[in-house]
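Asks: The following file, protein_34.pdb, comprises PDB, C-alpha atoms, pLDDT in the B column:
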```
ATOM      1  CA  MET A 197      57.187  91.772  75.691  1.00 50.00           C
ATOM      2  CA  ALA A 198      59.088  92.572  78.861  1.00 54.00           C
ATOM      3  CA  SER A 199      60.627  96.011  79.105  1.00 58.00           C
ATOM      4  CA  ARG A 200      64.334  96.224  79.697  1.00 62.00           C
ATOM      5  CA  LYS A 201      65.363  97.854  82.976  1.00 60.00           C
ATOM      6  CA  GLU A 202      68.706  99.421  83.686  1.00 63.00           C
ATOM      7  CA  LEU A 203      70.444  97.834  86.651  1.00 60.00           C
ATOM      8  CA  GLN A 204      71.336  99.981  89.623  1.00 62.00           C
ATOM      9  CA  VAL A 205      75.013 100.236  90.522  1.00 57.00           C
ATOM     10  CA  ALA A 206      75.649  98.194  93.640  1.00 59.00           C
ATOM     11  CA  GLN A 207      77.735  99.362  96.566  1.00 63.00           C
ATOM     12  CA  LYS A 208      80.865  97.368  97.320  1.00 67.00           C
ATOM     13  CA  ARG A 209      79.838  94.498  99.609  1.00 67.00           C
ATOM     14  CA  GLU A 210      82.113  93.285 102.349  1.00 67.00           C
ATOM     15  CA  LEU A 211      82.355  89.512 102.679  1.00 66.00           C
ATOM     16  CA  GLU A 212      80.386  88.201 105.618  1.00 67.00           C
ATOM     17  CA  LYS A 213      83.031  86.317 107.515  1.00 63.00           C
ATOM     18  CA  LYS A 214      82.044  82.851 108.668  1.00 56.00           C
ATOM     19  CA  GLU A 215      85.357  82.083 110.302  1.00 60.00           C
ATOM     20  CA  GLU A 216      88.108  84.056 111.967  1.00 62.00           C
ATOM     21  CA  THR A 217      90.913  85.348 109.787  1.00 64.00           C
ATOM     22  CA  THR A 218      94.505  86.290 110.455  1.00 67.00           C
ATOM     23  CA  ILE A 219      94.569  88.762 107.568  1.00 63.00           C
ATOM     24  CA  PRO A 220      94.401  92.342 108.896  1.00 68.00           C
ATOM     25  CA  ALA A 221      92.356  93.574 105.945  1.00 74.00           C
ATOM     26  CA  ARG A 222      88.819  93.817 104.725  1.00 83.00           C
ATOM     27  CA  ILE A 223      87.622  91.239 102.210  1.00 87.00           C
ATOM     28  CA  PHE A 224      85.096  92.283  99.577  1.00 90.00           C
ATOM     29  CA  VAL A 225      82.803  90.331  97.268  1.00 91.00           C
ATOM     30  CA  PRO A 226      83.803  91.325  93.724  1.00 92.00           C
ATOM     31  CA  ASP A 227      80.989  92.395  91.403  1.00 91.00           C
ATOM     32  CA  ALA A 228      80.301  89.743  88.774  1.00 95.00           C
ATOM     33  CA  ASP A 229      78.550  89.417  85.436  1.00 96.00           C
ATOM     34  CA  ILE A 230      77.793  85.971  83.999  1.00 96.00           C
ATOM     35  CA  TYR A 231      77.137  85.504  80.296  1.00 95.00           C
ATOM     36  CA  GLU A 232      75.871  82.341  78.651  1.00 92.00           C
ATOM     37  CA  THR A 233      77.265  81.365  75.246  1.00 91.00           C
ATOM     38  CA  LYS A 234      76.712  78.294  73.117  1.00 88.00           C
ATOM     39  CA  ASP A 235      80.003  76.896  74.442  1.00 89.00           C
ATOM     40  CA  GLY A 236      79.521  77.602  78.157  1.00 92.00           C
ATOM     41  CA  LEU A 237      79.547  80.455  80.645  1.00 94.00           C
ATOM     42  CA  ASN A 238      81.746  83.541  80.869  1.00 97.00           C
ATOM     43  CA  VAL A 239      82.149  84.984  84.360  1.00 97.00           C
ATOM     44  CA  VAL A 240      83.570  88.493  84.656  1.00 97.00           C
ATOM     45  CA  LEU A 241      84.748  89.707  88.083  1.00 96.00           C
ATOM     46  CA  GLU A 242      85.991  93.186  89.002  1.00 94.00           C
ATOM     47  CA  MET A 243      89.102  93.042  91.186  1.00 93.00           C
ATOM     48  CA  PRO A 244      90.808  96.431  90.807  1.00 90.00           C
ATOM     49  CA  GLY A 245      94.388  96.661  92.014  1.00 89.00           C
ATOM     50  CA  VAL A 246      94.927  92.885  92.125  1.00 93.00           C
ATOM     51  CA  ASP A 247      97.966  91.496  90.285  1.00 93.00           C
ATOM     52  CA  LYS A 248      97.576  88.250  88.306  1.00 93.00           C
ATOM     53  CA  ASN A 249     100.168  86.561  90.556  1.00 95.00           C
ATOM     54  CA  SER A 250      97.912  87.320  93.534  1.00 94.00           C
ATOM     55  CA  VAL A 251      94.801  85.608  92.150  1.00 96.00           C
ATOM     56  CA  ASP A 252      93.866  82.082  93.231  1.00 96.00           C
ATOM     57  CA  VAL A 253      91.214  80.276  91.171  1.00 97.00           C
ATOM     58  CA  ARG A 254      90.354  76.702  92.152  1.00 96.00           C
ATOM     59  CA  VAL A 255      87.560  74.139  92.134  1.00 95.00           C
ATOM     60  CA  GLU A 256      86.794  72.184  95.311  1.00 94.00           C
ATOM     61  CA  ASP A 257      83.748  69.930  95.714  1.00 93.00           C
ATOM     62  CA  ASP A 258      82.022  71.433  92.639  1.00 92.00           C
ATOM     63  CA  VAL A 259      82.547  74.983  93.956  1.00 94.00           C
ATOM     64  CA  LEU A 260      84.571  77.491  91.945  1.00 96.00           C
ATOM     65  CA  LYS A 261      86.501  79.667  94.412  1.00 96.00           C
ATOM     66  CA  VAL A 262      88.206  82.924  93.462  1.00 97.00           C
ATOM     67  CA  ASP A 263      90.463  84.908  95.794  1.00 95.00           C
ATOM     68  CA  GLY A 264      92.389  88.057  94.937  1.00 94.00           C
ATOM     69  CA  LYS A 265      94.946  89.574  97.291  1.00 92.00           C
ATOM     70  CA  LEU A 266      95.832  93.238  97.106  1.00 89.00           C
ATOM     71  CA  ASP A 267      99.390  94.509  97.587  1.00 87.00           C
ATOM     72  CA  PHE A 268      98.895  97.033 100.386  1.00 83.00           C
ATOM     73  CA  SER A 269     102.442  98.405 100.007  1.00 85.00           C
ATOM     74  CA  LYS A 270     101.084 100.508  97.097  1.00 83.00           C
ATOM     75  CA  TYR A 271      98.926 102.389  99.611  1.00 81.00           C
ATOM     76  CA  ARG A 272     101.424 102.763 102.445  1.00 84.00           C
ATOM     77  CA  GLY A 273     102.068 106.374 103.384  1.00 87.00           C
ATOM     78  CA  LEU A 274      99.133 107.763 101.408  1.00 85.00           C
ATOM     79  CA  GLN A 275      96.871 110.201 103.219  1.00 85.00           C
ATOM     80  CA  PRO A 276      93.419 110.175 101.607  1.00 81.00           C
ATOM     81  CA  VAL A 277      91.804 113.555 101.138  1.00 87.00           C
ATOM     82  CA  TYR A 278      88.536 112.038  99.928  1.00 81.00           C
ATOM     83  CA  THR A 279      87.614 108.391  99.374  1.00 76.00           C
ATOM     84  CA  GLU A 280      84.681 106.504  97.925  1.00 76.00           C
ATOM     85  CA  TYR A 281      86.585 103.365  97.119  1.00 73.00           C
ATOM     86  CA  ASN A 282      87.459 100.996  99.963  1.00 76.00           C
ATOM     87  CA  VAL A 283      90.664  98.995  99.601  1.00 81.00           C
ATOM     88  CA  GLY A 284      90.808  95.293 100.421  1.00 86.00           C
ATOM     89  CA  HIS A 285      91.118  91.720  99.206  1.00 90.00           C
ATOM     90  CA  PHE A 286      88.438  89.948  97.149  1.00 93.00           C
ATOM     91  CA  SER A 287      86.738  86.572  97.545  1.00 94.00           C
ATOM     92  CA  ARG A 288      83.811  84.920  95.751  1.00 95.00           C
ATOM     93  CA  SER A 289      82.578  81.406  95.089  1.00 95.00           C
ATOM     94  CA  PHE A 290      80.083  79.794  92.719  1.00 95.00           C
ATOM     95  CA  ARG A 291      78.491  76.329  92.813  1.00 94.00           C
ATOM     96  CA  LEU A 292      79.087  74.610  89.466  1.00 92.00           C
ATOM     97  CA  PHE A 293      76.557  72.500  87.627  1.00 85.00           C
ATOM     98  CA  GLY A 294      77.553  69.088  86.318  1.00 82.00           C
ATOM     99  CA  THR A 295      77.310  70.474  82.796  1.00 88.00           C
ATOM    100  CA  ILE A 296      80.569  72.468  83.230  1.00 92.00           C
ATOM    101  CA  ASP A 297      83.818  70.758  82.192  1.00 92.00           C
ATOM    102  CA  GLN A 298      85.833  71.633  85.309  1.00 92.00           C
ATOM    103  CA  SER A 299      89.127  70.421  83.800  1.00 92.00           C
ATOM    104  CA  LYS A 300      88.940  73.070  81.030  1.00 94.00           C
ATOM    105  CA  ILE A 301      88.127  76.205  83.056  1.00 96.00           C
ATOM    106  CA  ALA A 302      90.379  79.078  81.953  1.00 96.00           C
ATOM    107  CA  ALA A 303      91.112  82.443  83.580  1.00 97.00           C
ATOM    108  CA  GLU A 304      92.588  85.739  82.413  1.00 97.00           C
ATOM    109  CA  LEU A 305      93.199  88.935  84.395  1.00 97.00           C
ATOM    110  CA  LYS A 306      93.509  92.225  82.529  1.00 96.00           C
ATOM    111  CA  ASP A 307      93.214  95.758  83.917  1.00 93.00           C
ATOM    112  CA  GLY A 308      91.644  94.578  87.187  1.00 92.00           C
ATOM    113  CA  VAL A 309      89.018  92.434  85.457  1.00 96.00           C
ATOM    114  CA  LEU A 310      89.148  88.657  85.844  1.00 97.00           C
ATOM    115  CA  SER A 311      87.489  86.728  83.011  1.00 97.00           C
ATOM    116  CA  LEU A 312      86.704  83.065  83.583  1.00 97.00           C
ATOM    117  CA  MET A 313      85.646  80.743  80.776  1.00 97.00           C
ATOM    118  CA  LEU A 314      83.580  77.802  82.015  1.00 96.00           C
ATOM    119  CA  PRO A 315      83.112  75.478  79.035  1.00 94.00           C
ATOM    120  CA  LEU A 316      80.210  73.075  78.732  1.00 90.00           C
ATOM    121  CA  ALA A 317      81.067  69.408  78.941  1.00 86.00           C
ATOM    122  CA  GLU A 318      80.722  67.673  75.577  1.00 77.00           C
ATOM    123  CA  LYS A 319      77.776  65.652  76.876  1.00 75.00           C
ATOM    124  CA  ALA A 320      75.923  68.888  77.727  1.00 66.00           C
ATOM    125  CA  LYS A 321      76.430  70.655  74.378  1.00 68.00           C
ATOM    126  CA  PRO A 322      73.478  70.727  72.021  1.00 72.00           C
ATOM    127  CA  ARG A 323      73.859  68.305  69.160  1.00 73.00           C
ATOM    128  CA  ALA A 324      71.808  67.180  66.228  1.00 77.00           C
ATOM    129  CA  ILE A 325      70.647  63.577  66.178  1.00 78.00           C
ATOM    130  CA  GLN A 326      70.361  61.959  62.806  1.00 84.00           C
ATOM    131  CA  VAL A 327      67.055  60.291  62.075  1.00 91.00           C
ATOM    132  CA  ASN A 328      67.270  57.019  60.128  1.00 82.00           C
TER     133      ASN A 328
END
```
In structure tokens, how does this file's structure come out?

Replies:
Amino acid sequence: MASRKELQVAQKRELEKKEETTIPARIFVPDADIYETKDGLNVVLEMPGVDKNSVDVRVEDDVLKVDGKLDFSKYRGLQPVYTEYNVGHFSRSFRLFGTIDQSKIAAELKDGVLSLMLPLAEKAKPRAIQVN
């Protein structure tokens, strides 16, 4: 029996830019947890400070792309005394398997946590086969 190990807390990772950007801000990779259920996958992303109107979730060429833009006006004029938390936008993408029903993906943002429900396609769900 394998022993259960506690995961180490990861530092906030900045997105490795592959192209030039016109956004004068840092872009971070949000931390994610993925849970498998009998009905599909649940993806949970941390995007603190992002408003639900500033989140873009889309599927292009079997890739789920998530972008969250921060409203920097909330931070204007603040003089940090001590900081551990870097402020910036968020971006992450996941390649989807053919077993995910892309037309039924749902998203909800609450308290800086984006929850995505990726349901299994009917053809991929386990089913009993009657024996005659």

Asks: Measure the distance from CA of Val277 (chain A) to CA of Lys306 (chain A) in Å and round it to one decimal.

Replies: 28.4 Å

Asks: For Val246 (chain A), list every protein, DNA or RNA residue within 7 Å, evaluated using only C-alpha atoms, and leave out those in the same chain fewer than 6 positions away; present the list as a ChimeraX atom specification.

Replies: /A:264-266,308

Asks: So that I can check the surroundings of Val283 (chain A), please list as a VMD selection string every protein, DNA and RNA residue that reaches within 9 Å of it, counting all atoms listed in the file and ignoring chain neighbours fewer than 5 positions away.

Replies: chain A and resid 221 to 224 245 266 268 271

Asks: Pull out every residue that the PyMOL selection byres ((chain A and resi 244) around 12) matches in the shown coordinates and put them as a PyMOL selection string.

Replies: chain A and resi 208+224-227+241-243+245-248+250-251+264-267+281-286+305-310

Asks: To one decimal place, how far is CA of Asp263 (chain A) from CA of Glu304 (chain A) in Å?

Replies: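 We find that CA of Asp263 (chain A) and CA of Glu304 (chain A) lie 13.6 Å from each other.
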
Asks: For this structure, which residues satisfy the selection - the PyMOL selection byres ((chain A and resi 317) around 9) - when it is evaluated on the file as given? I want them as an NGL selection string.

Replies: :A and (235-236 or 294-298 or 300 or 315-316 or 318-321)

Asks: Please identify all polymer residues lying at most 12 Å from the point (86.9, 79.5, 88.2) (file coordinates), using only C-alpha atoms, and present the result as a PyMOL selection string.

Replies: chain A and resi 230+237-241+251-256+258-263+287-292+296-305+310-315

Asks: Output, as JSON, the centre and edge lengths in Å (one decimal) of the axis-aligned box that contains all listed atoms of region 279-283 of chain A with 8 Å of margin on each side.

Replies:
```
{"center_x": 87.7, "center_y": 103.7, "center_z": 98.5, "size_x": 22.0, "size_y": 25.4, "size_z": 18.8}
```

Asks: What separation in Å, quoted to one decimal, exists between CA of Tyr231 (chain A) and CA of Ala324 (chain A)?

Replies: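 Those two atoms sit 23.7 Å apart.
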
Asks: My list of candidates is A:Ser269, A:Glu280, A:Pro322, A:Asn328. Which is closest to Lys234 (chain A) when distances are computed with only C-alpha atoms?

Replies: A:Pro322

Asks: Selecting N, CA and C atoms, how would region 284-320 of chain A from this structure be written as a PDB file, in the first residue's frame?

Replies:
```pdb
ATOM      1  N   GLY A 284      -1.170  40.141 -10.809  1.00  0.00           N
ATOM      2  CA  GLY A 284      -1.112  40.034 -12.263  1.00  0.00           C
ATOM      3  C   GLY A 284      -2.288  39.250 -12.804  1.00  0.00           C
ATOM      4  N   HIS A 285      -2.338  39.146 -14.131  1.00  0.00           N
ATOM      5  CA  HIS A 285      -3.380  38.387 -14.810  1.00  0.00           C
ATOM      6  C   HIS A 285      -3.064  36.894 -14.711  1.00  0.00           C
ATOM      7  N   PHE A 286      -4.020  36.057 -15.131  1.00  0.00           N
ATOM      8  CA  PHE A 286      -3.855  34.611 -15.086  1.00  0.00           C
ATOM      9  C   PHE A 286      -4.155  34.003 -16.447  1.00  0.00           C
ATOM     10  N   SER A 287      -3.430  32.934 -16.788  1.00  0.00           N
ATOM     11  CA  SER A 287      -3.679  32.230 -18.044  1.00  0.00           C
ATOM     12  C   SER A 287      -3.243  30.781 -17.902  1.00  0.00           C
ATOM     13  N   ARG A 288      -4.107  29.858 -18.376  1.00  0.00           N
ATOM     14  CA  ARG A 288      -3.774  28.431 -18.319  1.00  0.00           C
ATOM     15  C   ARG A 288      -4.555  27.714 -19.411  1.00  0.00           C
ATOM     16  N   SER A 289      -3.989  26.634 -19.917  1.00  0.00           N
ATOM     17  CA  SER A 289      -4.692  25.853 -20.929  1.00  0.00           C
ATOM     18  C   SER A 289      -4.486  24.365 -20.675  1.00  0.00           C
ATOM     19  N   PHE A 290      -5.466  23.573 -21.112  1.00  0.00           N
ATOM     20  CA  PHE A 290      -5.452  22.129 -20.933  1.00  0.00           C
ATOM     21  C   PHE A 290      -5.886  21.463 -22.234  1.00  0.00           C
ATOM     22  N   ARG A 291      -5.179  20.440 -22.666  1.00  0.00           N
ATOM     23  CA  ARG A 291      -5.590  19.654 -23.832  1.00  0.00           C
ATOM     24  C   ARG A 291      -6.691  18.704 -23.382  1.00  0.00           C
ATOM     25  N   LEU A 292      -7.809  18.689 -24.117  1.00  0.00           N
ATOM     26  CA  LEU A 292      -8.951  17.864 -23.762  1.00  0.00           C
ATOM     27  C   LEU A 292      -8.921  16.536 -24.504  1.00  0.00           C
ATOM     28  N   PHE A 293      -9.314  15.490 -23.824  1.00  0.00           N
ATOM     29  CA  PHE A 293      -9.472  14.192 -24.452  1.00  0.00           C
ATOM     30  C   PHE A 293     -10.801  14.161 -25.196  1.00  0.00           C
ATOM     31  N   GLY A 294     -10.926  13.251 -26.127  1.00  0.00           N
ATOM     32  CA  GLY A 294     -12.166  13.100 -26.881  1.00  0.00           C
ATOM     33  C   GLY A 294     -13.319  12.618 -26.038  1.00  0.00           C
ATOM     34  N   THR A 295     -13.045  12.182 -24.816  1.00  0.00           N
ATOM     35  CA  THR A 295     -14.107  11.688 -23.945  1.00  0.00           C
ATOM     36  C   THR A 295     -14.869  12.822 -23.247  1.00  0.00           C
ATOM     37  N   ILE A 296     -14.414  14.052 -23.364  1.00  0.00           N
ATOM     38  CA  ILE A 296     -15.083  15.208 -22.746  1.00  0.00           C
ATOM     39  C   ILE A 296     -16.106  15.784 -23.725  1.00  0.00           C
ATOM     40  N   ASP A 297     -17.323  16.028 -23.240  1.00  0.00           N
ATOM     41  CA  ASP A 297     -18.364  16.655 -24.050  1.00  0.00           C
ATOM     42  C   ASP A 297     -18.136  18.167 -24.005  1.00  0.00           C
ATOM     43  N   GLN A 298     -17.437  18.687 -25.001  1.00  0.00           N
ATOM     44  CA  GLN A 298     -17.022  20.096 -25.001  1.00  0.00           C
ATOM     45  C   GLN A 298     -18.205  21.052 -25.027  1.00  0.00           C
ATOM     46  N   SER A 299     -19.340  20.640 -25.549  1.00  0.00           N
ATOM     47  CA  SER A 299     -20.505  21.528 -25.649  1.00  0.00           C
ATOM     48  C   SER A 299     -21.199  21.715 -24.294  1.00  0.00           C
ATOM     49  N   LYS A 300     -20.846  20.907 -23.294  1.00  0.00           N
ATOM     50  CA  LYS A 300     -21.511  20.987 -21.986  1.00  0.00           C
ATOM     51  C   LYS A 300     -20.579  21.429 -20.866  1.00  0.00           C
ATOM     52  N   ILE A 301     -19.414  21.980 -21.192  1.00  0.00           N
ATOM     53  CA  ILE A 301     -18.499  22.473 -20.163  1.00  0.00           C
ATOM     54  C   ILE A 301     -19.151  23.664 -19.466  1.00  0.00           C
ATOM     55  N   ALA A 302     -19.094  23.674 -18.140  1.00  0.00           N
ATOM     56  CA  ALA A 302     -19.688  24.762 -17.355  1.00  0.00           C
ATOM     57  C   ALA A 302     -18.624  25.367 -16.450  1.00  0.00           C
ATOM     58  N   ALA A 303     -18.793  26.659 -16.131  1.00  0.00           N
ATOM     59  CA  ALA A 303     -17.819  27.363 -15.293  1.00  0.00           C
ATOM     60  C   ALA A 303     -18.536  28.219 -14.266  1.00  0.00           C
ATOM     61  N   GLU A 304     -17.919  28.311 -13.075  1.00  0.00           N
ATOM     62  CA  GLU A 304     -18.445  29.160 -12.009  1.00  0.00           C
ATOM     63  C   GLU A 304     -17.272  29.773 -11.260  1.00  0.00           C
ATOM     64  N   LEU A 305     -17.341  31.082 -11.007  1.00  0.00           N
ATOM     65  CA  LEU A 305     -16.302  31.776 -10.254  1.00  0.00           C
ATOM     66  C   LEU A 305     -16.904  32.259  -8.944  1.00  0.00           C
ATOM     67  N   LYS A 306     -16.264  31.873  -7.836  1.00  0.00           N
ATOM     68  CA  LYS A 306     -16.737  32.305  -6.520  1.00  0.00           C
ATOM     69  C   LYS A 306     -15.531  32.518  -5.624  1.00  0.00           C
ATOM     70  N   ASP A 307     -15.429  33.707  -5.041  1.00  0.00           N
ATOM     71  CA  ASP A 307     -14.366  34.034  -4.094  1.00  0.00           C
ATOM     72  C   ASP A 307     -12.972  33.771  -4.658  1.00  0.00           C
ATOM     73  N   GLY A 308     -12.769  34.105  -5.932  1.00  0.00           N
ATOM     74  CA  GLY A 308     -11.448  33.960  -6.550  1.00  0.00           C
ATOM     75  C   GLY A 308     -11.098  32.545  -6.963  1.00  0.00           C
ATOM     76  N   VAL A 309     -12.071  31.633  -6.914  1.00  0.00           N
ATOM     77  CA  VAL A 309     -11.843  30.253  -7.314  1.00  0.00           C
ATOM     78  C   VAL A 309     -12.758  29.930  -8.484  1.00  0.00           C
ATOM     79  N   LEU A 310     -12.159  29.544  -9.606  1.00  0.00           N
ATOM     80  CA  LEU A 310     -12.910  29.173 -10.797  1.00  0.00           C
ATOM     81  C   LEU A 310     -13.068  27.661 -10.817  1.00  0.00           C
ATOM     82  N   SER A 311     -14.320  27.203 -10.864  1.00  0.00           N
ATOM     83  CA  SER A 311     -14.614  25.770 -10.934  1.00  0.00           C
ATOM     84  C   SER A 311     -15.157  25.460 -12.324  1.00  0.00           C
ATOM     85  N   LEU A 312     -14.522  24.521 -12.988  1.00  0.00           N
ATOM     86  CA  LEU A 312     -14.957  24.096 -14.317  1.00  0.00           C
ATOM     87  C   LEU A 312     -15.457  22.658 -14.222  1.00  0.00           C
ATOM     88  N   MET A 313     -16.600  22.394 -14.812  1.00  0.00           N
ATOM     89  CA  MET A 313     -17.135  21.040 -14.868  1.00  0.00           C
ATOM     90  C   MET A 313     -17.002  20.559 -16.309  1.00  0.00           C
ATOM     91  N   LEU A 314     -16.215  19.509 -16.499  1.00  0.00           N
ATOM     92  CA  LEU A 314     -15.983  18.939 -17.820  1.00  0.00           C
ATOM     93  C   LEU A 314     -16.662  17.572 -17.867  1.00  0.00           C
ATOM     94  N   PRO A 315     -17.897  17.526 -18.376  1.00  0.00           N
ATOM     95  CA  PRO A 315     -18.642  16.266 -18.348  1.00  0.00           C
ATOM     96  C   PRO A 315     -18.131  15.270 -19.388  1.00  0.00           C
ATOM     97  N   LEU A 316     -18.261  13.991 -19.041  1.00  0.00           N
ATOM     98  CA  LEU A 316     -17.923  12.943 -20.002  1.00  0.00           C
ATOM     99  C   LEU A 316     -18.994  12.895 -21.078  1.00  0.00           C
ATOM    100  N   ALA A 317     -18.570  12.613 -22.297  1.00  0.00           N
ATOM    101  CA  ALA A 317     -19.519  12.392 -23.375  1.00  0.00           C
ATOM    102  C   ALA A 317     -20.279  11.109 -23.071  1.00  0.00           C
ATOM    103  N   GLU A 318     -21.524  11.026 -23.497  1.00  0.00           N
ATOM    104  CA  GLU A 318     -22.333   9.842 -23.216  1.00  0.00           C
ATOM    105  C   GLU A 318     -21.638   8.559 -23.658  1.00  0.00           C
ATOM    106  N   LYS A 319     -20.957   8.615 -24.799  1.00  0.00           N
ATOM    107  CA  LYS A 319     -20.298   7.408 -25.311  1.00  0.00           C
ATOM    108  C   LYS A 319     -19.137   6.958 -24.408  1.00  0.00           C
ATOM    109  N   ALA A 320     -18.620   7.868 -23.579  1.00  0.00           N
ATOM    110  CA  ALA A 320     -17.480   7.532 -22.728  1.00  0.00           C
ATOM    111  C   ALA A 320     -17.881   7.098 -21.321  1.00  0.00           C
TER     112      ALA A 320
END
```
